[in-house]
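Data from input_16.pdb: PDB, C-alpha atoms, pLDDT in the B column
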MODEL        1
ATOM      1  CA  MET B  15     217.055 176.575 193.640  1.00 47.00           C
ATOM      2  CA  ALA B  16     219.156 173.517 193.343  1.00 40.00           C
ATOM      3  CA  GLU B  17     222.703 172.338 193.521  1.00 36.00           C
ATOM      4  CA  ASP B  18     225.814 174.427 193.933  1.00 37.00           C
ATOM      5  CA  SER B  19     226.892 173.371 190.470  1.00 35.00           C
ATOM      6  CA  ILE B  20     224.010 175.325 188.987  1.00 40.00           C
ATOM      7  CA  GLN B  21     223.852 178.873 187.766  1.00 42.00           C
ATOM      8  CA  THR B  22     222.947 180.465 191.095  1.00 43.00           C
ATOM      9  CA  THR B  23     226.480 179.878 192.370  1.00 36.00           C
ATOM     10  CA  ALA B  24     228.302 181.307 189.385  1.00 34.00           C
ATOM     11  CA  PRO B  25     229.365 184.919 188.960  1.00 33.00           C
ATOM     12  CA  THR B  26     226.934 186.931 186.882  1.00 34.00           C
ATOM     13  CA  ALA B  27     229.261 186.906 183.893  1.00 32.00           C
ATOM     14  CA  THR B  28     229.253 183.084 183.792  1.00 35.00           C
ATOM     15  CA  LEU B  29     225.512 183.064 183.101  1.00 39.00           C
ATOM     16  CA  ASP B  30     226.096 184.525 179.667  1.00 44.00           C
ATOM     17  CA  THR B  31     228.308 181.565 178.668  1.00 54.00           C
ATOM     18  CA  GLY B  32     225.900 178.910 179.963  1.00 73.00           C
ATOM     19  CA  PRO B  33     222.672 177.616 178.431  1.00 87.00           C
ATOM     20  CA  ALA B  34     220.832 179.980 176.097  1.00 94.00           C
ATOM     21  CA  LEU B  35     218.198 182.216 177.654  1.00 94.00           C
ATOM     22  CA  LEU B  36     215.372 180.361 175.913  1.00 95.00           C
ATOM     23  CA  SER B  37     216.528 177.068 177.441  1.00 96.00           C
ATOM     24  CA  ARG B  38     216.746 178.656 180.888  1.00 97.00           C
ATOM     25  CA  LEU B  39     213.279 180.136 180.567  1.00 97.00           C
ATOM     26  CA  GLY B  40     211.885 176.779 179.508  1.00 97.00           C
ATOM     27  CA  ALA B  41     213.496 175.145 182.525  1.00 97.00           C
ATOM     28  CA  GLU B  42     212.024 177.792 184.833  1.00 98.00           C
ATOM     29  CA  ALA B  43     208.551 177.366 183.354  1.00 98.00           C
ATOM     30  CA  VAL B  44     208.623 173.566 183.566  1.00 98.00           C
ATOM     31  CA  GLY B  45     210.154 173.585 187.045  1.00 98.00           C
ATOM     32  CA  THR B  46     207.528 176.008 188.349  1.00 98.00           C
ATOM     33  CA  PHE B  47     204.881 173.862 186.689  1.00 98.00           C
ATOM     34  CA  ILE B  48     206.139 170.824 188.612  1.00 98.00           C
ATOM     35  CA  LEU B  49     206.179 172.778 191.873  1.00 98.00           C
ATOM     36  CA  VAL B  50     202.619 174.079 191.509  1.00 98.00           C
ATOM     37  CA  PHE B  51     201.154 170.948 189.966  1.00 98.00           C
ATOM     38  CA  GLY B  52     202.740 168.717 192.605  1.00 98.00           C
ATOM     39  CA  GLY B  53     202.192 170.849 195.699  1.00 98.00           C
ATOM     40  CA  VAL B  54     198.832 172.396 194.882  1.00 98.00           C
ATOM     41  CA  GLY B  55     197.638 169.133 193.351  1.00 98.00           C
ATOM     42  CA  ALA B  56     198.367 167.358 196.621  1.00 98.00           C
ATOM     43  CA  ALA B  57     196.487 170.070 198.525  1.00 97.00           C
ATOM     44  CA  LEU B  58     193.458 169.869 196.229  1.00 97.00           C
ATOM     45  CA  PHE B  59     193.125 166.130 195.723  1.00 97.00           C
ATOM     46  CA  ALA B  60     194.838 164.414 198.646  1.00 96.00           C
ATOM     47  CA  ALA B  61     194.825 166.759 201.651  1.00 94.00           C
ATOM     48  CA  ARG B  62     192.082 164.824 203.429  1.00 93.00           C
ATOM     49  CA  SER B  63     194.221 161.699 203.505  1.00 95.00           C
ATOM     50  CA  ILE B  64     197.756 163.108 203.755  1.00 97.00           C
ATOM     51  CA  GLY B  65     197.115 166.210 205.885  1.00 96.00           C
ATOM     52  CA  TYR B  66     199.415 169.196 206.302  1.00 96.00           C
ATOM     53  CA  VAL B  67     202.497 166.991 206.568  1.00 97.00           C
ATOM     54  CA  GLY B  68     201.787 165.311 203.255  1.00 97.00           C
ATOM     55  CA  VAL B  69     201.154 168.593 201.464  1.00 98.00           C
ATOM     56  CA  ALA B  70     204.354 170.055 202.918  1.00 98.00           C
ATOM     57  CA  LEU B  71     206.303 167.039 201.675  1.00 98.00           C
ATOM     58  CA  ALA B  72     204.721 167.351 198.237  1.00 98.00           C
ATOM     59  CA  PHE B  73     206.014 170.915 197.844  1.00 98.00           C
ATOM     60  CA  GLY B  74     209.444 169.935 199.134  1.00 98.00           C
ATOM     61  CA  LEU B  75     209.736 166.875 196.910  1.00 98.00           C
ATOM     62  CA  ALA B  76     208.645 168.905 193.885  1.00 98.00           C
ATOM     63  CA  VAL B  77     211.514 171.329 194.498  1.00 97.00           C
ATOM     64  CA  VAL B  78     214.001 168.477 194.903  1.00 97.00           C
ATOM     65  CA  ALA B  79     212.830 166.898 191.639  1.00 97.00           C
ATOM     66  CA  GLY B  80     212.887 170.178 189.754  1.00 97.00           C
ATOM     67  CA  GLY B  81     216.234 171.158 191.231  1.00 96.00           C
ATOM     68  CA  TYR B  82     217.979 168.006 190.093  1.00 96.00           C
ATOM     69  CA  ALA B  83     216.246 168.038 186.707  1.00 96.00           C
ATOM     70  CA  PHE B  84     216.780 171.678 185.772  1.00 96.00           C
ATOM     71  CA  GLY B  85     219.276 173.204 188.189  1.00 93.00           C
ATOM     72  CA  HIS B  86     222.158 172.847 185.750  1.00 93.00           C
ATOM     73  CA  ILE B  87     220.138 174.696 183.098  1.00 96.00           C
ATOM     74  CA  SER B  88     218.467 177.640 184.805  1.00 96.00           C
ATOM     75  CA  GLY B  89     219.538 177.624 188.452  1.00 94.00           C
ATOM     76  CA  ALA B  90     216.111 176.208 189.399  1.00 95.00           C
ATOM     77  CA  HIS B  91     214.628 179.309 190.981  1.00 97.00           C
ATOM     78  CA  PHE B  92     210.945 178.446 190.288  1.00 98.00           C
ATOM     79  CA  ASN B  93     209.971 181.480 192.367  1.00 98.00           C
ATOM     80  CA  PRO B  94     210.044 185.233 191.569  1.00 98.00           C
ATOM     81  CA  ALA B  95     211.105 186.041 195.135  1.00 98.00           C
ATOM     82  CA  VAL B  96     214.114 183.732 194.771  1.00 98.00           C
ATOM     83  CA  THR B  97     215.083 185.299 191.446  1.00 98.00           C
ATOM     84  CA  ILE B  98     214.839 188.814 192.878  1.00 98.00           C
ATOM     85  CA  GLY B  99     216.675 187.786 196.056  1.00 98.00           C
ATOM     86  CA  LEU B 100     219.507 186.204 194.094  1.00 97.00           C
ATOM     87  CA  THR B 101     219.796 189.387 192.057  1.00 98.00           C
ATOM     88  CA  ALA B 102     220.018 191.467 195.246  1.00 97.00           C
ATOM     89  CA  ALA B 103     222.732 189.085 196.437  1.00 96.00           C
ATOM     90  CA  GLY B 104     224.756 189.571 193.252  1.00 94.00           C
ATOM     91  CA  ARG B 105     224.190 185.999 192.090  1.00 94.00           C
ATOM     92  CA  PHE B 106     221.915 186.699 189.119  1.00 96.00           C
ATOM     93  CA  PRO B 107     221.867 189.375 186.374  1.00 97.00           C
ATOM     94  CA  LEU B 108     219.212 192.057 186.669  1.00 97.00           C
ATOM     95  CA  LYS B 109     218.590 192.033 182.920  1.00 97.00           C
ATOM     96  CA  ASP B 110     217.186 188.483 183.057  1.00 97.00           C
ATOM     97  CA  VAL B 111     214.813 189.033 185.991  1.00 98.00           C
ATOM     98  CA  PRO B 112     211.695 190.050 183.987  1.00 98.00           C
ATOM     99  CA  ALA B 113     212.013 187.060 181.653  1.00 98.00           C
ATOM    100  CA  TYR B 114     212.536 184.627 184.535  1.00 98.00           C
ATOM    101  CA  VAL B 115     209.556 185.989 186.471  1.00 98.00           C
ATOM    102  CA  LEU B 116     207.342 185.787 183.385  1.00 98.00           C
ATOM    103  CA  ALA B 117     208.420 182.181 182.733  1.00 98.00           C
ATOM    104  CA  GLN B 118     207.684 181.250 186.350  1.00 98.00           C
ATOM    105  CA  MET B 119     204.238 182.857 186.191  1.00 98.00           C
ATOM    106  CA  VAL B 120     203.426 181.073 182.938  1.00 98.00           C
ATOM    107  CA  GLY B 121     204.520 177.707 184.337  1.00 98.00           C
ATOM    108  CA  GLY B 122     202.533 178.175 187.537  1.00 98.00           C
ATOM    109  CA  ILE B 123     199.343 179.322 185.795  1.00 98.00           C
ATOM    110  CA  PHE B 124     199.556 176.486 183.283  1.00 98.00           C
ATOM    111  CA  ALA B 125     199.820 174.028 186.180  1.00 98.00           C
ATOM    112  CA  SER B 126     196.840 175.476 188.046  1.00 98.00           C
ATOM    113  CA  SER B 127     194.839 175.562 184.808  1.00 98.00           C
ATOM    114  CA  LEU B 128     195.430 171.851 184.236  1.00 98.00           C
ATOM    115  CA  LEU B 129     194.534 171.170 187.861  1.00 98.00           C
ATOM    116  CA  ALA B 130     191.296 173.119 187.332  1.00 97.00           C
ATOM    117  CA  ALA B 131     190.550 171.040 184.237  1.00 97.00           C
ATOM    118  CA  ILE B 132     191.124 167.824 186.200  1.00 97.00           C
ATOM    119  CA  ALA B 133     189.010 169.083 189.119  1.00 97.00           C
ATOM    120  CA  SER B 134     186.168 169.936 186.767  1.00 95.00           C
ATOM    121  CA  GLY B 135     186.029 166.254 185.817  1.00 95.00           C
ATOM    122  CA  GLY B 136     185.684 165.163 189.434  1.00 93.00           C
ATOM    123  CA  PRO B 137     182.557 164.169 191.370  1.00 94.00           C
ATOM    124  CA  ASP B 138     179.544 166.474 191.159  1.00 91.00           C
ATOM    125  CA  GLY B 139     180.296 169.720 192.925  1.00 92.00           C
ATOM    126  CA  PHE B 140     184.012 169.018 193.444  1.00 95.00           C
ATOM    127  CA  PHE B 141     185.274 171.892 191.299  1.00 96.00           C
ATOM    128  CA  SER B 142     182.750 174.357 192.712  1.00 95.00           C
ATOM    129  CA  ALA B 143     183.654 173.348 196.255  1.00 94.00           C
ATOM    130  CA  ALA B 144     187.366 173.667 195.513  1.00 96.00           C
ATOM    131  CA  ARG B 145     186.829 177.174 194.154  1.00 95.00           C
ATOM    132  CA  ALA B 146     184.677 178.143 197.112  1.00 93.00           C
ATOM    133  CA  LYS B 147     187.470 177.059 199.445  1.00 92.00           C
ATOM    134  CA  GLY B 148     189.961 179.137 197.443  1.00 94.00           C
ATOM    135  CA  PHE B 149     191.442 176.456 195.191  1.00 97.00           C
ATOM    136  CA  ALA B 150     194.317 175.995 197.675  1.00 97.00           C
ATOM    137  CA  SER B 151     195.012 179.742 197.597  1.00 98.00           C
ATOM    138  CA  THR B 152     197.008 181.559 200.209  1.00 98.00           C
ATOM    139  CA  GLY B 153     195.055 183.855 202.512  1.00 97.00           C
ATOM    140  CA  PHE B 154     194.630 185.593 205.842  1.00 98.00           C
ATOM    141  CA  GLY B 155     191.767 186.499 208.178  1.00 97.00           C
ATOM    142  CA  GLU B 156     188.725 184.374 207.424  1.00 96.00           C
ATOM    143  CA  HIS B 157     190.661 182.755 204.595  1.00 97.00           C
ATOM    144  CA  SER B 158     193.567 181.644 206.786  1.00 97.00           C
ATOM    145  CA  PRO B 159     193.338 177.929 207.654  1.00 96.00           C
ATOM    146  CA  GLY B 160     193.868 178.851 211.313  1.00 97.00           C
ATOM    147  CA  GLY B 161     192.162 182.248 211.295  1.00 97.00           C
ATOM    148  CA  PHE B 162     195.367 184.317 211.452  1.00 98.00           C
ATOM    149  CA  GLY B 163     195.178 188.014 210.573  1.00 98.00           C
ATOM    150  CA  LEU B 164     196.998 190.340 208.202  1.00 98.00           C
ATOM    151  CA  ALA B 165     199.925 191.153 210.500  1.00 98.00           C
ATOM    152  CA  ALA B 166     200.594 187.455 211.130  1.00 98.00           C
ATOM    153  CA  ALA B 167     200.461 186.718 207.391  1.00 98.00           C
ATOM    154  CA  LEU B 168     202.859 189.527 206.514  1.00 98.00           C
ATOM    155  CA  GLY B 169     205.246 188.540 209.294  1.00 98.00           C
ATOM    156  CA  ILE B 170     205.421 184.829 208.627  1.00 98.00           C
ATOM    157  CA  GLU B 171     205.715 185.215 204.847  1.00 98.00           C
ATOM    158  CA  PHE B 172     208.501 187.772 205.258  1.00 98.00           C
ATOM    159  CA  ILE B 173     210.434 185.734 207.837  1.00 98.00           C
ATOM    160  CA  LEU B 174     210.109 182.354 206.152  1.00 98.00           C
ATOM    161  CA  THR B 175     211.036 183.682 202.710  1.00 98.00           C
ATOM    162  CA  ALA B 176     214.092 185.322 204.260  1.00 98.00           C
ATOM    163  CA  ILE B 177     215.066 182.023 205.871  1.00 98.00           C
ATOM    164  CA  PHE B 178     214.490 180.214 202.579  1.00 98.00           C
ATOM    165  CA  LEU B 179     216.776 182.636 200.736  1.00 98.00           C
ATOM    166  CA  LEU B 180     219.485 182.323 203.388  1.00 97.00           C
ATOM    167  CA  VAL B 181     219.384 178.546 202.995  1.00 96.00           C
ATOM    168  CA  ILE B 182     219.571 178.811 199.203  1.00 96.00           C
ATOM    169  CA  LEU B 183     222.466 181.270 199.326  1.00 95.00           C
ATOM    170  CA  GLY B 184     224.301 179.131 201.862  1.00 92.00           C
ATOM    171  CA  VAL B 185     223.981 175.751 200.176  1.00 92.00           C
ATOM    172  CA  THR B 186     224.681 177.097 196.683  1.00 89.00           C
ATOM    173  CA  ASP B 187     227.896 178.782 197.793  1.00 83.00           C
ATOM    174  CA  ARG B 188     231.055 177.238 196.311  1.00 76.00           C
ATOM    175  CA  ARG B 189     232.335 176.203 199.736  1.00 70.00           C
ATOM    176  CA  PRO B 190     229.780 173.581 200.914  1.00 60.00           C
ATOM    177  CA  THR B 191     229.877 169.903 199.888  1.00 61.00           C
ATOM    178  CA  ARG B 192     228.656 169.589 196.335  1.00 63.00           C
ATOM    179  CA  GLY B 193     225.627 167.609 195.221  1.00 76.00           C
ATOM    180  CA  PHE B 194     223.173 168.038 198.101  1.00 86.00           C
ATOM    181  CA  ALA B 195     221.846 171.576 197.672  1.00 90.00           C
ATOM    182  CA  ALA B 196     218.559 170.487 196.065  1.00 93.00           C
ATOM    183  CA  ILE B 197     217.839 168.176 199.003  1.00 95.00           C
ATOM    184  CA  ALA B 198     218.589 170.866 201.574  1.00 95.00           C
ATOM    185  CA  ILE B 199     216.418 173.397 199.730  1.00 96.00           C
ATOM    186  CA  GLY B 200     213.558 170.936 199.313  1.00 97.00           C
ATOM    187  CA  LEU B 201     213.651 169.981 202.989  1.00 97.00           C
ATOM    188  CA  SER B 202     213.738 173.642 204.010  1.00 97.00           C
ATOM    189  CA  LEU B 203     210.639 174.285 201.892  1.00 98.00           C
ATOM    190  CA  THR B 204     208.961 171.316 203.575  1.00 98.00           C
ATOM    191  CA  LEU B 205     209.777 172.810 206.981  1.00 98.00           C
ATOM    192  CA  ILE B 206     208.444 176.195 205.869  1.00 98.00           C
ATOM    193  CA  HIS B 207     205.141 174.601 204.865  1.00 98.00           C
ATOM    194  CA  LEU B 208     204.879 172.694 208.125  1.00 98.00           C
ATOM    195  CA  ILE B 209     205.204 175.995 209.987  1.00 98.00           C
ATOM    196  CA  SER B 210     202.987 178.205 207.878  1.00 98.00           C
ATOM    197  CA  ILE B 211     200.217 176.154 206.261  1.00 98.00           C
ATOM    198  CA  PRO B 212     197.969 176.841 209.287  1.00 97.00           C
ATOM    199  CA  VAL B 213     198.729 180.572 209.061  1.00 98.00           C
ATOM    200  CA  THR B 214     198.516 181.442 205.340  1.00 98.00           C
ATOM    201  CA  ASN B 215     198.391 178.107 203.485  1.00 98.00           C
ATOM    202  CA  THR B 216     202.026 179.001 202.655  1.00 97.00           C
ATOM    203  CA  SER B 217     203.193 181.110 199.790  1.00 98.00           C
ATOM    204  CA  VAL B 218     206.855 182.270 200.018  1.00 98.00           C
ATOM    205  CA  ASN B 219     206.404 182.242 196.241  1.00 98.00           C
ATOM    206  CA  PRO B 220     204.367 184.820 194.314  1.00 98.00           C
ATOM    207  CA  ALA B 221     204.045 182.528 191.289  1.00 98.00           C
ATOM    208  CA  ARG B 222     202.389 179.845 193.424  1.00 98.00           C
ATOM    209  CA  SER B 223     199.932 182.352 194.913  1.00 98.00           C
ATOM    210  CA  VAL B 224     199.022 183.948 191.578  1.00 98.00           C
ATOM    211  CA  ALA B 225     198.487 180.532 189.991  1.00 98.00           C
ATOM    212  CA  THR B 226     195.868 179.484 192.532  1.00 98.00           C
ATOM    213  CA  ALA B 227     194.253 182.886 193.121  1.00 97.00           C
ATOM    214  CA  ILE B 228     192.930 183.070 189.575  1.00 97.00           C
ATOM    215  CA  TYR B 229     190.783 179.970 190.245  1.00 96.00           C
ATOM    216  CA  SER B 230     189.392 181.099 193.599  1.00 94.00           C
ATOM    217  CA  GLU B 231     185.995 182.761 193.757  1.00 88.00           C
ATOM    218  CA  GLY B 232     187.654 186.168 193.849  1.00 88.00           C
ATOM    219  CA  TRP B 233     188.730 186.842 197.413  1.00 94.00           C
ATOM    220  CA  ALA B 234     192.252 185.522 196.822  1.00 96.00           C
ATOM    221  CA  ILE B 235     192.907 188.162 194.158  1.00 96.00           C
ATOM    222  CA  GLY B 236     192.167 190.871 196.716  1.00 96.00           C
ATOM    223  CA  GLN B 237     194.641 189.384 199.198  1.00 97.00           C
ATOM    224  CA  LEU B 238     197.320 188.609 196.633  1.00 97.00           C
ATOM    225  CA  TRP B 239     199.380 191.728 197.369  1.00 98.00           C
ATOM    226  CA  VAL B 240     200.455 190.226 200.707  1.00 98.00           C
ATOM    227  CA  PHE B 241     201.855 187.132 199.006  1.00 98.00           C
ATOM    228  CA  ILE B 242     203.745 189.186 196.465  1.00 98.00           C
ATOM    229  CA  ALA B 243     205.094 191.973 198.685  1.00 98.00           C
ATOM    230  CA  ALA B 244     206.079 189.993 201.793  1.00 98.00           C
ATOM    231  CA  PRO B 245     208.067 187.233 200.032  1.00 98.00           C
ATOM    232  CA  ILE B 246     209.921 189.714 197.816  1.00 98.00           C
ATOM    233  CA  ALA B 247     210.750 191.954 200.790  1.00 98.00           C
ATOM    234  CA  GLY B 248     211.919 188.940 202.794  1.00 98.00           C
ATOM    235  CA  ALA B 249     214.104 187.688 199.947  1.00 98.00           C
ATOM    236  CA  ILE B 250     215.765 191.075 199.411  1.00 98.00           C
ATOM    237  CA  THR B 251     216.376 191.490 203.136  1.00 98.00           C
ATOM    238  CA  ALA B 252     217.970 188.040 203.347  1.00 98.00           C
ATOM    239  CA  ALA B 253     220.168 188.777 200.328  1.00 97.00           C
ATOM    240  CA  LEU B 254     221.466 191.994 201.841  1.00 97.00           C
ATOM    241  CA  LEU B 255     222.002 190.302 205.206  1.00 96.00           C
ATOM    242  CA  HIS B 256     223.925 187.469 203.585  1.00 95.00           C
ATOM    243  CA  ARG B 257     226.191 189.877 201.728  1.00 93.00           C
ATOM    244  CA  LEU B 258     226.841 191.841 204.912  1.00 93.00           C
ATOM    245  CA  ILE B 259     227.556 188.945 207.262  1.00 92.00           C
ATOM    246  CA  PHE B 260     228.478 185.792 205.415  1.00 87.00           C
ATOM    247  CA  GLU B 261     230.308 186.734 202.235  1.00 81.00           C
ATOM    248  CA  PRO B 262     234.091 187.041 202.530  1.00 71.00           C
ATOM    249  CA  LYS B 263     235.289 190.627 202.365  1.00 66.00           C
ATOM    250  CA  ARG B 264     237.867 191.465 199.736  1.00 52.00           C
ATOM    251  CA  ALA B 265     240.812 193.616 200.759  1.00 46.00           C
TER     252      ALA B 265
ENDMDL
END
This entry written out as structure tokens:
Amino acid sequence: MAEDSIQTTAPTATLDTGPALLSRLGAEAVGTFILVFGGVGAALFAARSIGYVGVALAFGLAVVAGGYAFGHISGAHFNPAVTIGLTAAGRFPLKDVPAYVLAQMVGGIFASSLLAAIASGGPDGFFSAARAKGFASTGFGEHSPGGFGLAAALGIEFILTAIFLLVILGVTDRRPTRGFAAIAIGLSLTLIHLISIPVTNTSVNPARSVATAIYSEGWAIGQLWVFIAAPIAGAITAALLHRLIFEPKRA
């Protein structure tokens, strides 16, 4: 999810003449690593001092950094919902979706695993306390930061992922000013976190939720379906809406 010069803006056929698949998968894995390590790391280690605003900025800045670093290689999706949404919008080939999603999952889990290793070297009880609190996992009900229920979690994850996809599709279109897409996408992700951290701790990204759930004390695994289904449904809905309303119709 980066600039309009990256692969997300090109016709599907162009992807086959760009960087090799292995290079694109490496970029997706490293970019997702940066997103999870930066955003979740801020939530785990610095949330007391930087608060919700700081954590939201950490996720947004991670996307900006990854977008500029790897957007020209892989399209900088860093998110299975984005990959699936771009496919539904006709911007990405279906045949590459499984590989991209796997690379994103690997990058996210590697990041959370390193964060767990760092946390285990913290003060006595730090790692156990982090796990008991969910290891920055997304959740609802008693595991929502603000106590929001299932319906609220489904709704906000669906709506905000749809908005995120609409922003990505808009700023990576060929028509906008070039060079600023990564900034717009990063700022939109910051806004999304500012809205939804109190509700679900913010997913809009299944790879981010899976990465942290595996280090919770177990409850996050049981709630994970919400943070897989709602973002994917929101992304597909946004893709179809964008094609219906905003793409120029050919005669």
>> Between B:Leu71, B:Leu128, B:Leu168, B:Val54, which residue has the minimum interatomic distance to B:Leu203, considering all atoms listed in the file?
In response: B:Leu71
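With all atoms listed in the file taken into account, the protein and nucleic acid residues at most 6 Å from stretch 36-52 of chain B (excluding it and anything under 4 positions from it in its own chain) are Ala76, Gly80, Phe84, Ile87, Ser88, Phe92, Ala117, Gln118, Gly121, Gly122 and Ala125 of chain B.
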>> Distance cut-off 10 Å, centre (196.2, 171.4, 202.3) in file coordinates, counting all atoms listed in the file: which residues qualify? Return them as an MDAnalysis selection string.
In response: chainID B and resid 53:70 149:151 159 207 211:212 215:216
>> Please list as a PyMOL selection string every residue within 12 Å of B:Leu174, counting all atoms listed in the file and excluding residues in the same chain fewer than 2 positions away.
In response: chain B and resi 95+166-172+176-181+202-211+213-214+216-219+241+244-249+251-252
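Shell of B:Leu183 at 8 Å, with only C-alpha atoms counted and residues fewer than 3 places along the chain excluded, is Leu100, Leu179, Leu180, Thr186, Asp187, Ala253 and His256 of chain B.
The coordinates place atom CA of B:Ile242 at 25.6 Å from atom CA of B:Ala131.
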> In terms of the shortest atom-to-atom distance over all atoms listed in the file, which of B:Phe194, B:Phe260, B:Phe162, B:Phe154 is closest to B:Ala234?
Replying inline: B:Phe154
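Take the candidates B:Leu255, B:Ile132, B:Val224, B:Val240 and check each one against B:Pro94 using all atoms listed in the file; the shortest distance goes to B:Val224.
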> For B:Ala227, which residue among B:Glu261, B:Ser134, B:Ile123, B:Ile250 is the nearest when counting only C-alpha atoms?
Replying inline: B:Ile123
> Can you tell me how far atom CA of B:Gly99 sits from atom CA of B:Ser127, in Å to one decimal?
Replying inline: 27.4 Å
What are the centre and the three edge lengths of an axis-aligned box that wraps all atoms of stretch 80-84 of chain B in the file, given that 5 Å is added to every side, written as AutoDock Vina command-line options and rounded to one decimal in Å?
--center_x 215.4 --center_y 169.8 --center_z 188.5 --size_x 15.1 --size_y 13.7 --size_z 15.5
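The nearest approach to B:Ala144 among the residues B:Ile259, B:Ala130, B:Ala225, B:Leu108, with all atoms listed in the file taken into account, belongs to B:Ala130.
Among the candidates B:Ala133, B:Gln237, B:Ala72, B:Pro33, the one nearest to B:Glu156 when counting all atoms listed in the file is B:Gln237.
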>> Between atom CA of B:Gly135 and atom CA of B:Thr226, what is the distance in Å, rounded to a tenth?
In response: 17.8 Å
